[in-house]
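Colleague: Structure file entry_28.cif (mmCIF, C-alpha atoms and all ligand atoms) right here:
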```cif
data_work
loop_
_atom_site.label_atom_id
_atom_site.label_comp_id
_atom_site.auth_asym_id
_atom_site.auth_seq_id
_atom_site.Cartn_x
_atom_site.Cartn_y
_atom_site.Cartn_z
CA MET H 1 -3.10 -15.43 -11.53
CA SER H 2 0.15 -16.01 -13.34
CA ALA H 3 3.27 -16.24 -11.21
CA LEU H 4 5.48 -15.45 -14.20
CA ALA H 5 7.59 -12.31 -14.11
CA PRO H 6 6.43 -9.75 -16.67
CA PRO H 7 8.82 -8.50 -19.35
CA SER H 8 10.76 -5.63 -17.80
CA SER H 9 8.92 -3.08 -19.94
CA GLU H 10 5.47 -4.13 -18.73
CA PRO H 11 4.19 -2.52 -15.54
CA VAL H 12 3.35 -4.79 -12.63
CA VAL H 13 0.14 -2.82 -12.07
CA ALA H 14 -1.61 -0.81 -14.78
CA VAL H 15 -4.51 1.40 -13.71
CA ASP H 16 -6.60 2.23 -16.76
CA ARG H 17 -9.31 4.92 -16.63
CA VAL H 18 -10.55 3.93 -13.19
CA THR H 19 -13.63 5.71 -11.90
CA VAL H 20 -15.24 4.91 -8.55
CA ARG H 21 -18.75 6.11 -7.80
CA ALA H 22 -20.86 6.11 -4.67
CA ARG H 23 -24.62 6.59 -5.03
CA SER H 24 -24.52 10.29 -5.81
CA ARG H 25 -20.80 11.08 -5.88
CA THR H 26 -17.74 10.35 -7.97
CA LEU H 27 -14.90 9.47 -5.60
CA LEU H 28 -12.27 8.76 -8.26
CA ASP H 29 -12.49 10.18 -11.74
CA GLY H 30 -10.77 8.51 -14.70
CA ILE H 31 -7.43 7.65 -13.11
CA SER H 32 -4.69 6.08 -15.27
CA ILE H 33 -1.25 5.30 -13.87
CA ASP H 34 1.28 2.46 -14.17
CA PHE H 35 3.44 0.97 -11.42
CA SER H 36 6.69 -0.75 -12.44
CA ALA H 37 8.85 -3.23 -10.54
CA ARG H 38 11.34 -1.82 -8.04
CA SER H 39 9.62 1.49 -7.49
CA LEU H 40 8.21 3.35 -4.51
CA THR H 41 5.41 5.71 -5.44
CA ALA H 42 4.01 8.13 -2.87
CA VAL H 43 0.34 8.98 -3.42
CA VAL H 44 -0.24 12.38 -1.85
CA GLY H 45 -3.10 14.83 -1.63
CA PRO H 46 -5.30 16.66 0.86
CA SER H 47 -7.66 14.88 3.22
CA GLY H 48 -10.72 13.58 1.38
CA CYS H 49 -9.14 13.65 -2.10
CA GLY H 50 -9.56 9.89 -2.57
CA LYS H 51 -6.20 8.40 -1.51
CA THR H 52 -7.71 5.60 0.59
CA THR H 53 -10.35 4.83 -2.04
CA PHE H 54 -7.62 4.69 -4.68
CA ILE H 55 -5.33 2.30 -2.83
CA ARG H 56 -8.30 0.07 -1.90
CA THR H 57 -9.27 -0.07 -5.57
CA LEU H 58 -5.85 -1.52 -6.48
CA ASN H 59 -6.42 -4.84 -4.68
CA ARG H 60 -10.23 -5.04 -4.60
CA MET H 61 -10.48 -4.12 -0.93
CA VAL H 62 -13.00 -1.63 -2.30
CA ASP H 63 -15.38 -4.58 -2.82
CA LEU H 64 -15.75 -4.69 0.97
CA THR H 65 -17.45 -1.28 1.01
CA PRO H 66 -21.09 -1.65 -0.05
CA GLY H 67 -22.41 0.86 -2.56
CA LEU H 68 -19.19 1.67 -4.43
CA ARG H 69 -19.00 0.94 -8.18
CA VAL H 70 -15.70 0.60 -10.04
CA GLU H 71 -15.36 1.30 -13.77
CA GLY H 72 -12.22 0.87 -15.86
CA GLU H 73 -9.50 -1.72 -15.35
CA VAL H 74 -6.75 -2.48 -12.88
CA ARG H 75 -4.37 -4.95 -14.56
CA TYR H 76 -2.02 -7.00 -12.42
CA LEU H 77 0.67 -8.59 -14.64
CA GLY H 78 -1.61 -7.93 -17.58
CA GLN H 79 -4.78 -9.43 -16.09
CA ASN H 80 -7.78 -7.26 -15.21
CA ILE H 81 -8.47 -7.96 -11.53
CA TYR H 82 -12.10 -6.84 -11.99
CA ALA H 83 -12.73 -9.42 -14.72
CA ARG H 84 -15.33 -12.10 -14.11
CA GLY H 85 -13.88 -15.15 -12.38
CA VAL H 86 -10.99 -13.41 -10.61
CA ASN H 87 -10.89 -14.30 -6.91
CA PRO H 88 -10.40 -11.10 -4.87
CA VAL H 89 -8.80 -13.08 -2.03
CA VAL H 90 -6.00 -14.14 -4.39
CA VAL H 91 -5.64 -10.56 -5.64
CA ARG H 92 -5.22 -9.31 -2.05
CA ARG H 93 -2.54 -11.90 -1.39
CA ARG H 94 -0.51 -10.67 -4.39
CA MET H 95 -1.09 -7.05 -3.36
CA GLY H 96 -0.87 -6.88 0.42
CA MET H 97 -2.18 -3.93 2.44
CA VAL H 98 -0.98 -2.18 5.58
CA PHE H 99 -3.33 0.26 7.31
CA GLN H 100 -3.07 3.48 9.28
CA ARG H 101 -3.24 1.71 12.63
CA PRO H 102 -1.44 -1.60 13.17
CA THR H 103 -3.94 -4.46 12.79
CA VAL H 104 -2.17 -6.82 15.17
CA PHE H 105 -4.12 -9.84 16.46
CA PRO H 106 -4.04 -10.83 20.17
CA ILE H 107 -1.86 -13.86 19.45
CA SER H 108 1.90 -14.42 19.36
CA ILE H 109 4.36 -12.45 17.25
CA PHE H 110 5.09 -15.59 15.23
CA GLU H 111 1.42 -16.37 14.58
CA ASN H 112 0.72 -12.80 13.52
CA ALA H 113 3.44 -13.07 10.87
CA ALA H 114 2.27 -16.58 9.90
CA PHE H 115 -1.42 -15.63 9.64
CA GLY H 116 -1.70 -15.45 5.84
CA LEU H 117 0.42 -18.56 5.38
CA ARG H 118 -1.91 -20.60 7.60
CA LEU H 119 -4.83 -19.50 5.43
CA VAL H 120 -3.11 -21.01 2.37
CA ARG H 121 -2.23 -24.12 4.40
CA ALA H 122 1.53 -23.87 3.99
CA ASN H 123 3.42 -26.61 5.86
CA GLU H 124 5.33 -25.93 9.10
CA ASP H 125 8.78 -25.82 7.48
CA GLU H 126 7.59 -23.39 4.83
CA ILE H 127 5.95 -21.26 7.50
CA ASP H 128 9.11 -21.15 9.65
CA THR H 129 11.25 -20.10 6.71
CA ALA H 130 8.79 -17.56 5.37
CA VAL H 131 8.15 -15.97 8.78
CA THR H 132 11.87 -15.56 9.47
CA GLU H 133 12.45 -14.06 6.04
CA ALA H 134 9.44 -11.74 6.34
CA LEU H 135 10.51 -10.47 9.78
CA GLU H 136 14.00 -9.82 8.42
CA ARG H 137 12.66 -7.96 5.40
CA ALA H 138 10.37 -5.92 7.64
CA GLY H 139 13.38 -4.92 9.75
CA LEU H 140 11.94 -6.53 12.90
CA TRP H 141 13.81 -9.84 13.24
CA GLU H 142 16.61 -8.65 15.52
CA GLU H 143 14.11 -7.10 17.93
CA VAL H 144 11.80 -10.12 18.22
CA LYS H 145 13.82 -13.25 17.41
CA ALA H 146 14.23 -14.14 21.11
CA ASN H 147 10.53 -13.68 21.85
CA LEU H 148 8.60 -15.06 18.87
CA ASP H 149 6.04 -16.77 21.12
CA GLY H 150 5.44 -13.60 23.11
CA PRO H 151 2.24 -11.60 22.69
CA ALA H 152 2.27 -9.28 19.68
CA LEU H 153 0.26 -6.72 21.62
CA SER H 154 3.23 -6.21 23.98
CA LEU H 155 5.22 -4.68 21.09
CA SER H 156 5.47 -0.92 20.61
CA GLY H 157 3.29 0.75 17.98
CA GLY H 158 6.18 0.97 15.53
CA GLN H 159 7.11 -2.68 16.04
CA GLN H 160 3.45 -3.65 15.57
CA GLN H 161 3.34 -1.78 12.28
CA ARG H 162 6.51 -3.54 11.06
CA LEU H 163 4.88 -6.83 12.16
CA CYS H 164 1.93 -5.98 9.92
CA ILE H 165 4.38 -5.36 7.08
CA ALA H 166 5.97 -8.77 7.84
CA ARG H 167 2.53 -10.45 7.78
CA ALA H 168 1.86 -8.98 4.35
CA LEU H 169 5.35 -9.95 3.09
CA ALA H 170 5.15 -13.53 4.37
CA VAL H 171 2.90 -14.59 1.48
CA ARG H 172 5.43 -13.03 -0.93
CA PRO H 173 3.32 -10.37 -2.63
CA ARG H 174 4.54 -8.51 -5.72
CA VAL H 175 2.98 -5.29 -4.50
CA LEU H 176 2.73 -3.73 -1.04
CA LEU H 177 0.07 -1.06 -0.46
CA LEU H 178 0.33 1.16 2.62
CA ASP H 179 -2.29 3.69 3.71
CA GLU H 180 -0.61 6.36 5.88
CA PRO H 181 1.26 3.64 7.81
CA THR H 182 3.16 6.03 10.09
CA SER H 183 0.44 8.52 10.95
CA ALA H 184 0.05 7.02 14.45
CA LEU H 185 3.81 6.65 15.09
CA ASP H 186 6.44 8.83 16.74
CA PRO H 187 9.39 10.13 14.67
CA ALA H 188 11.81 7.34 15.65
CA ALA H 189 9.30 4.61 14.81
CA THR H 190 8.40 6.44 11.59
CA GLN H 191 12.05 6.49 10.59
CA ARG H 192 12.33 2.71 11.03
CA VAL H 193 9.25 2.06 8.90
CA GLU H 194 10.59 4.44 6.25
CA SER H 195 13.96 2.69 6.02
CA THR H 196 12.15 -0.67 5.78
CA LEU H 197 10.10 0.64 2.85
CA GLN H 198 13.18 1.93 1.07
CA ARG H 199 14.79 -1.51 1.24
CA LEU H 200 11.61 -3.27 0.11
CA LYS H 201 11.33 -1.32 -3.11
CA ASP H 202 14.44 -3.15 -4.35
CA ASP H 203 12.28 -6.30 -4.64
CA ILE H 204 8.65 -5.29 -4.98
CA VAL H 205 6.33 -2.48 -5.99
CA VAL H 206 5.62 -0.22 -3.02
CA ILE H 207 2.67 2.18 -3.15
CA LEU H 208 2.57 4.49 -0.15
CA VAL H 209 -0.35 6.80 0.64
CA THR H 210 0.81 9.72 2.74
CA HIS H 211 -0.42 13.22 3.45
CA ASN H 212 3.12 14.04 4.56
CA VAL H 213 5.15 15.71 1.81
CA GLY H 214 8.33 15.29 3.88
CA GLN H 215 7.81 11.54 3.96
CA ALA H 216 7.25 11.47 0.20
CA ALA H 217 10.50 13.41 -0.25
CA ARG H 218 12.44 11.04 2.03
CA VAL H 219 11.35 7.68 0.67
CA SER H 220 9.69 7.82 -2.75
CA ASP H 221 11.15 7.87 -6.23
CA ARG H 222 7.88 9.04 -7.74
CA VAL H 223 4.98 11.16 -6.52
CA ALA H 224 1.36 11.01 -7.67
CA PHE H 225 -0.77 13.98 -6.59
CA LEU H 226 -4.51 13.44 -6.21
CA HIS H 227 -7.06 16.20 -5.82
CA SER H 228 -10.86 15.84 -5.73
CA GLY H 229 -10.64 12.28 -7.07
CA ARG H 230 -8.45 13.25 -10.03
CA LEU H 231 -4.81 12.44 -10.68
CA VAL H 232 -3.44 15.95 -11.16
CA GLU H 233 0.13 14.94 -11.98
CA VAL H 234 2.68 12.19 -11.48
CA GLY H 235 6.43 12.25 -11.94
CA PRO H 236 9.86 11.81 -10.34
CA THR H 237 9.78 12.95 -6.70
CA ALA H 238 12.23 15.84 -7.08
CA GLU H 239 10.37 17.18 -10.11
CA ILE H 240 6.93 17.07 -8.53
CA LEU H 241 8.07 18.48 -5.19
CA GLU H 242 10.43 21.15 -6.53
CA ARG H 243 9.03 22.06 -9.95
CA PRO H 244 5.38 20.99 -10.13
CA ARG H 245 3.66 21.81 -13.42
CA GLU H 246 0.21 22.29 -11.89
CA LYS H 247 -0.90 25.12 -9.61
CA LEU H 248 -2.90 22.70 -7.40
CA THR H 249 0.21 20.61 -6.78
CA GLU H 250 2.25 23.66 -5.90
CA GLN H 251 -0.42 24.85 -3.46
CA PHE H 252 -0.46 21.47 -1.75
CA ILE H 253 3.31 21.24 -1.49
CA THR H 254 3.64 24.71 -0.06
CA GLY H 255 1.03 23.83 2.56
CA ARG H 256 -1.93 25.87 1.44
CA PHE H 257 -4.39 23.04 2.06
CA GLY H 258 -5.87 22.66 5.53
N1 LIG Q 1 -18.33 4.46 0.96
C1 LIG Q 1 -18.38 5.76 0.68
N2 LIG Q 1 -19.52 6.34 0.25
C2 LIG Q 1 -19.56 7.64 -0.06
N3 LIG Q 1 -18.52 8.48 0.04
C3 LIG Q 1 -17.36 7.97 0.47
C4 LIG Q 1 -17.21 6.60 0.81
N4 LIG Q 1 -15.93 6.40 1.21
C5 LIG Q 1 -15.31 7.59 1.11
N5 LIG Q 1 -16.16 8.54 0.68
C6 LIG Q 1 -15.84 9.95 0.41
O1 LIG Q 1 -14.93 9.96 -0.66
C7 LIG Q 1 -13.96 10.99 -0.50
C8 LIG Q 1 -12.57 10.39 -0.53
O2 LIG Q 1 -12.37 9.62 0.64
P1 LIG Q 1 -10.99 8.92 0.96
O3 LIG Q 1 -10.66 8.00 -0.18
O4 LIG Q 1 -11.11 8.30 2.30
O5 LIG Q 1 -9.98 10.14 0.97
P2 LIG Q 1 -8.55 10.33 1.67
O6 LIG Q 1 -8.02 8.98 2.01
O7 LIG Q 1 -7.72 11.05 0.64
O8 LIG Q 1 -8.74 11.19 2.88
C9 LIG Q 1 -14.30 11.67 0.83
O9 LIG Q 1 -15.03 12.81 0.55
C10 LIG Q 1 -15.14 10.64 1.56
O10 LIG Q 1 -16.04 11.25 2.43
MG MG Q 2 -7.36 8.13 3.78
#
```
Take the structure in the file and write it out as structure tokens.

Modeller:
Amino acid sequence: MSALAPPSSEPVVAVDRVTVRARSRTLLDGISIDFSARSLTAVVGPSGCGKTTFIRTLNRMVDLTPGLRVEGEVRYLGQNIYARGVNPVVVRRRMGMVFQRPTVFPISIFENAAFGLRLVRANEDEIDTAVTEALERAGLWEEVKANLDGPALSLSGGQQQRLCIARALAVRPRVLLLDEPTSALDPAATQRVESTLQRLKDDIVVILVTHNVGQAARVSDRVAFLHSGRLVEVGPTAEILERPREKLTEQFITGRFG
């Protein structure tokens, strides 16, 4: 994939009429949405509406689920990531993913952050620099710098989640995808992850799945509302949360979904 920066008018990620089908069901139905540089989009919607499927479609993680078929295009810097010959491993490096529960490995803090860099065989100096930078960007450096060789599993849940963010950042992605990253965290740990995300959007595209409207209000500049596999509406956060155009959006925001 090209490492060139796109012209400022071109989105970093363009989702074009994406439909995802399982054997007998349509999980996502004709979704089109663009993501531009330096933005933080919250993808919200009730449980089961397709948020996880959507975010996994953006970096071809969806390939790892047997039986799902993707139609339409997801273009990263203009290139369709579903085109023949595109290596999904490279796609996932450019668009890193952070999950609901921290996926920390039972190795040191340093090696957790370095994990992706070792896979691309970066040299030791590059790894040292990139790990330090990634831990700083993830807002974790001050808390771990004296204990980099300590076990990652001794960190708190919130620290572990920021370590997962650092691991994704270490390979310098253009896009960071997060699937309800704070749903297992307490309010203080949630707040630290949220302030990290707000800083990150100054450099990269952040796409945050959350079922928490309050979180969308606090951190996002744009909200996309999904319902039954459809993109109901997308717009600036204040507009969508305060003056939604669609009844379904209003019902969700005012808490009428279970
Ligand atoms: N591999 C699959 N095969 C069939 N149905 C699936 C599969 N994965 C998810 N689903 C269904 O698709 C819908 C959307 O799921 P999901 O994307 O996980 O929603 P959300 O993250 O918004 O809760 C749900 O009804 C779920 O049961
Ligand atoms: Mg989900």

Colleague: Check which residues fall inside 9 Å of ligand LIG 1 (chain Q) when counting only C-alpha atoms and all ligand atoms, and print them as a ChimeraX atom specification.

Modeller: /H:21-28,44-56,62,65-68,179-180,209-211,226-229

Colleague: Tell me which of H:Pro173, H:Gly255, H:Pro181, H:Gly116 sits closest to ligand MG 2 (chain Q), counting only C-alpha atoms and all ligand atoms.

Modeller: H:Pro181

Colleague: Near Glu246 in chain H, within 8 Å and counting all atoms listed in the file, which residues show up once chain neighbours fewer than 2 positions away are dropped, as a tab-separated table (two decimals) with C-alpha atoms, in the coordinates of the input?

Modeller:
```tsv
chain	number	residue	atom	x	y	z
H	232	VAL	CA	-3.44	15.95	-11.16
H	233	GLU	CA	0.13	14.94	-11.98
H	244	PRO	CA	5.38	20.99	-10.13
H	248	LEU	CA	-2.90	22.70	-7.40
H	249	THR	CA	0.21	20.61	-6.78
H	250	GLU	CA	2.25	23.66	-5.90
```

Colleague: Considering only C-alpha atoms, can you say which of H:Arg199, H:Arg101, H:Arg121, H:Arg222 comes closest to Ser183 in chain H?

Modeller: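 Checking each of H:Arg199, H:Arg101, H:Arg121, H:Arg222 against Ser183 in chain H, counting only C-alpha atoms, the winner is H:Arg101.
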
Colleague: Counting all atoms listed in the file, which of H:Val43, H:Ala130, H:Ala83, H:Ile31 gets nearest to Thr237 in chain H?

Modeller: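 Ranked by minimum distance to Thr237 in chain H, first place goes to H:Val43.
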
Colleague: What does the distance between CA of Asn80 in chain H and CA of Ala14 in chain H come to in Å, to one decimal place?

Modeller: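 Computing it gives 8.9 Å between the two atoms.
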
Colleague: What's the 10 Å shell around Gln79 in chain H, counting all atoms listed in the file, without same-chain residues fewer than 3 positions away, as number ranges by chain?

Modeller: H: 1-2, 12-14, 73-76, 82-83, 86

Colleague: Quick one: residues within 7 Å of Cys164 in chain H, all atoms listed in the file, excluding same-chain residues fewer than 6 positions away - as a PyMOL selection string?

Modeller: chain H and resi 98+102-104

Colleague: Using all atoms listed in the file, which residues sit within 6 Å of Ile109 in chain H once same-chain residues fewer than 6 positions away are excluded, as a list of chain:residue names?

Modeller: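 My reading of the contact set: H:Leu148, H:Pro151, H:Ala152.
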
Colleague: Nearest to Arg17 in chain H: which of H:Gly72, H:Phe105, H:Arg230, H:Ala42 is it, counting all atoms listed in the file?

Modeller: H:Gly72

Colleague: I'd like the neighbourhood of range 184-196 of chain H as a PDB file with C-alpha atoms, in the coordinates of the input, where a residue qualifies if any of its atoms comes within 12 Å (using all atoms listed in the file), though same-chain residues fewer than 6 positions away should be ignored.

Modeller:
```
ATOM      1  CA  LEU H  40       8.210   3.350  -4.510  1.00  0.00           C
ATOM      2  CA  ALA H  42       4.010   8.130  -2.870  1.00  0.00           C
ATOM      3  CA  VAL H  98      -0.980  -2.180   5.580  1.00  0.00           C
ATOM      4  CA  PHE H  99      -3.330   0.260   7.310  1.00  0.00           C
ATOM      5  CA  GLN H 100      -3.070   3.480   9.280  1.00  0.00           C
ATOM      6  CA  ARG H 101      -3.240   1.710  12.630  1.00  0.00           C
ATOM      7  CA  PRO H 102      -1.440  -1.600  13.170  1.00  0.00           C
ATOM      8  CA  ALA H 134       9.440 -11.740   6.340  1.00  0.00           C
ATOM      9  CA  LEU H 135      10.510 -10.470   9.780  1.00  0.00           C
ATOM     10  CA  GLU H 136      14.000  -9.820   8.420  1.00  0.00           C
ATOM     11  CA  ARG H 137      12.660  -7.960   5.400  1.00  0.00           C
ATOM     12  CA  ALA H 138      10.370  -5.920   7.640  1.00  0.00           C
ATOM     13  CA  GLY H 139      13.380  -4.920   9.750  1.00  0.00           C
ATOM     14  CA  LEU H 140      11.940  -6.530  12.900  1.00  0.00           C
ATOM     15  CA  TRP H 141      13.810  -9.840  13.240  1.00  0.00           C
ATOM     16  CA  LEU H 155       5.220  -4.680  21.090  1.00  0.00           C
ATOM     17  CA  SER H 156       5.470  -0.920  20.610  1.00  0.00           C
ATOM     18  CA  GLY H 157       3.290   0.750  17.980  1.00  0.00           C
ATOM     19  CA  GLY H 158       6.180   0.970  15.530  1.00  0.00           C
ATOM     20  CA  GLN H 159       7.110  -2.680  16.040  1.00  0.00           C
ATOM     21  CA  GLN H 160       3.450  -3.650  15.570  1.00  0.00           C
ATOM     22  CA  GLN H 161       3.340  -1.780  12.280  1.00  0.00           C
ATOM     23  CA  ARG H 162       6.510  -3.540  11.060  1.00  0.00           C
ATOM     24  CA  LEU H 163       4.880  -6.830  12.160  1.00  0.00           C
ATOM     25  CA  CYS H 164       1.930  -5.980   9.920  1.00  0.00           C
ATOM     26  CA  ILE H 165       4.380  -5.360   7.080  1.00  0.00           C
ATOM     27  CA  ALA H 166       5.970  -8.770   7.840  1.00  0.00           C
ATOM     28  CA  LEU H 169       5.350  -9.950   3.090  1.00  0.00           C
ATOM     29  CA  LEU H 178       0.330   1.160   2.620  1.00  0.00           C
ATOM     30  CA  ASP H 202      14.440  -3.150  -4.350  1.00  0.00           C
ATOM     31  CA  ASP H 203      12.280  -6.300  -4.640  1.00  0.00           C
ATOM     32  CA  VAL H 206       5.620  -0.220  -3.020  1.00  0.00           C
ATOM     33  CA  LEU H 208       2.570   4.490  -0.150  1.00  0.00           C
ATOM     34  CA  THR H 210       0.810   9.720   2.740  1.00  0.00           C
ATOM     35  CA  ASN H 212       3.120  14.040   4.560  1.00  0.00           C
ATOM     36  CA  GLY H 214       8.330  15.290   3.880  1.00  0.00           C
ATOM     37  CA  GLN H 215       7.810  11.540   3.960  1.00  0.00           C
ATOM     38  CA  ALA H 216       7.250  11.470   0.200  1.00  0.00           C
ATOM     39  CA  ALA H 217      10.500  13.410  -0.250  1.00  0.00           C
ATOM     40  CA  ARG H 218      12.440  11.040   2.030  1.00  0.00           C
ATOM     41  CA  VAL H 219      11.350   7.680   0.670  1.00  0.00           C
ATOM     42  CA  SER H 220       9.690   7.820  -2.750  1.00  0.00           C
TER      43      SER H 220
END
```

Colleague: Quick one: pull the distance between CA of Phe110 in chain H and CA of Asn59 in chain H, Å, one decimal.

Modeller: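 That distance, rounded to one decimal, is 25.4 Å.
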
Colleague: For the atom pair CA of Val175 in chain H and CA of Phe252 in chain H, what is the interatomic distance in Å to one decimal place?

Modeller: 27.1 Å
